[in-house]
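> Once you've had a glance at the structure underneath, I'll fire off some questions.
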Amino acid sequence: MLYQFSVLLPIPLYRIFCTDCSRGSDIVFALDSSGSIGLKNVQEMTKFLELLVNSLNVDANDNDPTVSRIGMLTFSDSATVHFQLKTYHKRTEILQAINVQYRGGTTNTSDAIRYARFLKRI
């Protein structure tokens, strides 16, 4: 069961994930879009990611050390990379790219972890 995170979290989301927000982070989102999750929950996860991206400094600005880079993949039978850490440099680009389609299928978490590790290296 997913919760309405915007209602449950009165503080900015980045404060939950960031203890030293003076530096940016490399973040790879791995969204489970398998059959056991269902379309409605994939949509809820997408909304949560939008809230998170909106709470982070993701707009690149001449080597600003507080900028976070975002990558994203989805997985079900296999993993699919939607964008890498260096692909987008503007919040609007990332938010548009996060809107992905539900795929269904089985849950291949190991493939997602393998791809996420790969994305962190490039």
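Just so we're on the same page: first chain in the structure tokens is A, next is B, and so on; residues restart at 1 for each chain, and ligands are numbered from 1 in the order they show up.
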Env of stretch 34-50 of chain A: 6 Å cut, atoms = only C-alpha atoms, seq-sep filter 4 positions within chain, self excluded. Answer as a PyMOL selection string.
chain A and resi 76+102+104-107
> A:Thr109: which residues within 9 Å, counting only C-alpha atoms, same-chain residues fewer than 5 positions away excluded, as a list of chain:residue names?
A:Asp32, A:Phe75, A:Ser76, A:Asp77, A:Ser78, A:Ala79, A:Arg114
> Give me the residues near A:Asn63 as a ChimeraX atom specification, where near means some atom within 12 Å (using only C-alpha atoms) and where sequence neighbours in that chain fewer than 5 positions away do not count.
/A:23-24,58,68-69,89
> As a list in words, list the residues of stretch 41-77 of chain A assigned to strand (DSSP E) by DSSP on the backbone atoms of this structure.
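Those residues are Arg69, Ile70, Gly71, Met72, Leu73, Thr74 and Phe75 of chain A.
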> Which one is closest to A:Lys90: A:Ser110, A:Asn61, A:Thr66, A:Thr74? Count only C-alpha atoms.
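When distances to A:Lys90 are compared using only C-alpha atoms, the smallest one comes from A:Asn61.
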> Do you have the atom CA of A:Leu56-atom CA of A:Asp111 distance handy?
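For atom CA of A:Leu56 relative to atom CA of A:Asp111, the distance reads 27.1 Å.
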> When you draw a straight line from atom CA of A:Thr80 to atom CA of A:Ala60, how long is it in Å?
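According to the coordinates, atom CA of A:Thr80 and atom CA of A:Ala60 are separated by 24.9 Å.
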> As an MDAnalysis selection string, please: every residue in stretch 41-114 of chain A that DSSP puts in alpha helix (DSSP H).
chainID A and resid 41:55 91:98 109:114
> Using only C-alpha atoms for the distances, tell me which of A:Val100, A:Phe118, A:Lys86, A:Val67 is nearest to A:Ser55.
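Ranked by minimum distance to A:Ser55, first place goes to A:Val67.
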> Contacts of A:Val28 at 10 Å or less, counting only C-alpha atoms, minus same-chain residues fewer than 2 places along, as an NGL selection string?
:A and (25-26 or 30-31 or 69-73 or 83-85 or 115-117 or 119-120)
> Residues as selected, N, CA and C atoms, written as an mmCIF file, in the first residue's frame, can you do that?

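This went into part19.cif:
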data_model
loop_
_atom_site.group_PDB
_atom_site.id
_atom_site.type_symbol
_atom_site.label_atom_id
_atom_site.label_comp_id
_atom_site.auth_asym_id
_atom_site.auth_seq_id
_atom_site.Cartn_x
_atom_site.Cartn_y
_atom_site.Cartn_z
ATOM 1 N N SER A 25 23.977 14.968 -4.998
ATOM 2 C CA SER A 25 24.030 13.513 -4.951
ATOM 3 C C SER A 25 23.758 12.943 -6.334
ATOM 4 N N ASP A 26 24.232 11.735 -6.559
ATOM 5 C CA ASP A 26 23.858 10.963 -7.743
ATOM 6 C C ASP A 26 22.780 9.983 -7.300
ATOM 7 N N ALA A 30 14.876 3.301 -9.331
ATOM 8 C CA ALA A 30 14.525 2.021 -9.937
ATOM 9 C C ALA A 30 13.061 1.752 -9.619
ATOM 10 N N LEU A 31 12.197 1.899 -10.617
ATOM 11 C CA LEU A 31 10.753 1.730 -10.436
ATOM 12 C C LEU A 31 10.333 0.325 -10.843
ATOM 13 N N ARG A 69 22.314 14.811 -9.532
ATOM 14 C CA ARG A 69 22.058 14.232 -10.849
ATOM 15 C C ARG A 69 21.120 13.047 -10.664
ATOM 16 N N ILE A 70 20.184 12.901 -11.598
ATOM 17 C CA ILE A 70 19.152 11.873 -11.499
ATOM 18 C C ILE A 70 19.249 10.935 -12.688
ATOM 19 N N GLY A 71 19.131 9.631 -12.413
ATOM 20 C CA GLY A 71 19.001 8.610 -13.438
ATOM 21 C C GLY A 71 17.779 7.778 -13.109
ATOM 22 N N MET A 72 17.239 7.069 -14.086
ATOM 23 C CA MET A 72 16.040 6.281 -13.806
ATOM 24 C C MET A 72 15.956 5.050 -14.691
ATOM 25 N N LEU A 73 15.485 3.972 -14.075
ATOM 26 C CA LEU A 73 15.188 2.750 -14.808
ATOM 27 C C LEU A 73 13.901 2.159 -14.268
ATOM 28 N N PHE A 83 16.816 7.015 -18.465
ATOM 29 C CA PHE A 83 17.811 8.062 -18.655
ATOM 30 C C PHE A 83 18.939 7.873 -17.639
ATOM 31 N N GLN A 84 20.122 8.330 -18.040
ATOM 32 C CA GLN A 84 21.316 8.196 -17.216
ATOM 33 C C GLN A 84 21.547 9.467 -16.393
ATOM 34 N N LEU A 85 22.504 9.414 -15.495
ATOM 35 C CA LEU A 85 22.792 10.545 -14.608
ATOM 36 C C LEU A 85 23.156 11.819 -15.373
ATOM 37 N N TYR A 115 21.665 -2.955 -13.337
ATOM 38 C CA TYR A 115 21.620 -1.760 -14.171
ATOM 39 C C TYR A 115 21.851 -0.497 -13.354
ATOM 40 N N ALA A 116 21.290 -0.424 -12.152
ATOM 41 C CA ALA A 116 21.489 0.751 -11.290
ATOM 42 C C ALA A 116 22.969 0.920 -10.949
ATOM 43 N N ARG A 117 23.649 -0.167 -10.659
ATOM 44 C CA ARG A 117 25.090 -0.097 -10.380
ATOM 45 C C ARG A 117 25.858 0.392 -11.599
ATOM 46 N N LEU A 119 24.659 2.353 -13.977
ATOM 47 C CA LEU A 119 24.370 3.777 -14.164
ATOM 48 C C LEU A 119 25.192 4.649 -13.224
ATOM 49 N N LYS A 120 25.476 4.175 -12.034
ATOM 50 C CA LYS A 120 26.269 4.954 -11.081
ATOM 51 C C LYS A 120 27.721 5.108 -11.541
#
